[in-house]
Amino acid sequence: MPDEVFIYVIVFGTLLGTLTFAAVLVWFERRLLGLWQDRLGPNRVGPFGIGLALADILKLLTKEDWIPPFADRIVFIFAPTAVLIAMFMGFTVIPWAPGVQIVDLNIGLLFFLGMTSLAVYSVLLGGLASHNKYSLLGALRAGAQMVSYEVFMGLSLMGVVMLAGSFSLVDIVNAQQDLWFVVSQPLGFFVFLIAGIAESHRLPFDLPEAEHELVAGFHTEYSGMKFGMFMLGEYLGVILISSIMATVFFGGWLGPDFLPPFFWLAIKIFTLICFFVLLRAAIPRPRFDQLMSLGWKIMLPLTLANLLVTGGIVLLTGYQP
Amino acid sequence: MIGALISQIRTLWTVLQHTFTPADTVEYPAKPGWFGVTKNSTKVGPYLAPRYRGRIVLTRDPDGVERCVACNLCAVVCPADCIALQKTEDENGRWYPEFFRINFSRCIMCGFCEEACPTYSIQLTPDFEMCEYDRQNLVYEKDNLLIDGPGKYPDYSFYRISGMAIGGKGKGEAENEAPPADVRSLLP
Ligand code: SF4
Ligand code: SF4
C-alpha cells in the first residue's frame, strides 16, 4: 500500500474508531454500572441493548438545539467544538501498533499534555458563555481543578521520560520491552491515574458538573448535539487517557506474539476503561476543597519526591536508556 | 490519609465482587420473575404481600350479602376524592349503595378508605395490572368492584355484631348482645 493511502486509512480509522467506541461506551458504561450495582442497565434496544448507542445519537441529533438569548452566541457555539478538536488531536500521537500511528512526534507526550490542557478552554468558555450562575460555578471549578491537576499530571510522566530518555511515545513503548513502567514507576502511575480522572472530569472528580449542587455544571444551558459533543468529548477523554496510560505505563502494543500488537493495546485500553467505570460505580465525590488540598498538598509533593528519587537513581547508577 | 485510601480501595474491591452476584431486577412483564403469581396465573412476577395496596374491591359478608352500608366514610376520607356513592335502602330497611363508583385514574392507592370502612367492605388487593388505553375505562362501577367473597376477613359480618335493628334481626339479638332492658321494670 502506498504511504499516501496508508496514512489516510490510519487517520480515518482513528477518527471513526474512536468516535464509534465513544458512542458505544455510553451504553457499555451503563451496562457495566448496572452489573456492579446489581441492576440490569439498558437492555431493551437490540441485542443486549446495544442499539441504545444509536438511539442516543439519533435522539441527541433530533432534539431542539437551543441557544439561550442571553448567551454569548459565538463562544457558546465554539466551546463544545473545542473539546472534540482537542481530544481528536490528542489521538494523533497514540501508536496503535508498530508503524501504525498518525504522526510520531518526538515530543509526543508533551503534545498530548498540551491537547488535554486545551480541552479546559472548552469547559471554561462553555460555562462563561452561558451567562448562568451554575454554569459559571461549574466553569470556575473546572478551571481550578484542571489547571492544578495538570501541574502534576505532566510531572508524574517525567519519571517515565527520564527512564525512556525520550518524549516520543514509540520510544517509550520500546523502552518497556523488559519491564512495564507501571512496575518501575508505581508512584508516577498512581498520580497520573488520579490526575487523569480529574483531567477528564469523570466521577468521582466530576465537580464541574456535580448534578446535585450545580444542576449540570458548565453544560447546564446546552442541549441537543452541542450537549452531545460535550458528552462525546468526555468519553473521548476517557479513551484518550486510557490509551495514554496503556501506552506509557502498560507497555502499549507489547505482548506475547499469539495476538497481533493492536489487540494487546486494545485489551489494555479496555481494561483501564472498565476501571474508570468501576471508580464511578464505587467512589463518592469529594468536596471541592478536599479535591484542591488533595492535589496541592499530597499529589504534588508525591510527584516531586518521585521525580527526585527517579532522577537520583538514574544519576547514581548512570542508567542509560 | 492512608486510612482513607485503604477505605477507597476496599470499596472498589467490594463493588468489584458484585460482578458475580445476579441482578435483583425482575424483567416484568417480559420475563418470568422468581416467585409469586399474579391474577392470570400464566404470568409470574415479583412476590406481592397480601396487604399490598392495589386494585380496590367491594366484598360480601359470609352470608353473601354485600357488606357496604353506604355510610360514605370512605368517600369522606379519600384524599383524592375519587369515590362516589349514593345510599338507598332495601325492603328490610338495610342500607346499601345504589351506585358505587371509584375513579382509578385519580386513586392514589393510599388505603385510607379501607381503614375508614366500619364494615370491612372496601378492601385493597395485591393486583396492579389495570392499565387502560381509554381513561374512561378506569372509572369502575359497582359491578366491576363487587366480588363474591369476603376478602381478607372471612368471618366478619357487620350486621351480626352491631346492635342495629334490621329486618330479620331485632334489638338485642346480635352476637354478644343482651336483650334491651325494659326501662319501666327499673322504676322503684
Ligand atoms: S385508596 Fe385512597 S385514594 Fe384510593 S379510593 Fe381509597 S382513599 Fe381514595
Ligand atoms: S366506608 Fe365502607 S360501608 Fe361505608 S360507604 Fe365506604 S365501603 Fe361502604
# chains A, B, ... in the order shown; residues from 1 in each chain; ligands from 1
call {"tool": "residues_near_ligand", "arguments": {"ligand": "ligand 1", "cutoff": "7 Å", "atoms": "only C-alpha atoms and all ligand atoms", "output": "PyMOL selection string"}}
result
chain B and resi 74+77-83+102+106-114
call {"tool": "residues_around", "arguments": {"residues": "Pro286 (chain A)", "least_positions_apart": "5", "cutoff": "12 Å", "atoms": "only C-alpha atoms", "output": "ChimeraX atom specification"}}
result
/A:198,203-207,210,291-295 /B:4,8
call {"tool": "residues_around", "arguments": {"residues": "region 140-156 of chain B", "least_positions_apart": "4", "cutoff": "8 Å", "atoms": "only C-alpha atoms", "output": "list in words"}}
result
Ile56, Val57, Leu58, Thr59, Arg60, Asp61, Pro62, Gly64, Glu66, Phe99, Phe100, Arg101, Ile102, Asn103, Phe104, Tyr120 and Gln123 of chain B
call {"tool": "interface_residues", "arguments": {"of": "chain B", "to": "chain A", "cutoff": "6 Å", "atoms": "only C-alpha atoms", "output": "list in words"}}
result
Leu12, His18, Thr19, Ala23, Asp24 and Thr25 of chain B
call {"tool": "select_by_dssp", "arguments": {"residues": "region 107-303 of chain A", "states": "alpha helix (DSSP H)", "output": "VMD selection string"}}
result
chain A and resid 108 to 129 133 to 164 169 to 174 181 to 184 186 to 199 211 to 214 224 to 249 261 to 282 288 to 293 300 to 303
call {"tool": "closest_residue", "arguments": {"among": "A:Gly188, A:Pro301, A:Gly99, A:Gly51", "to": "Leu25 (chain A)", "atoms": "only C-alpha atoms"}}
result
A:Gly51
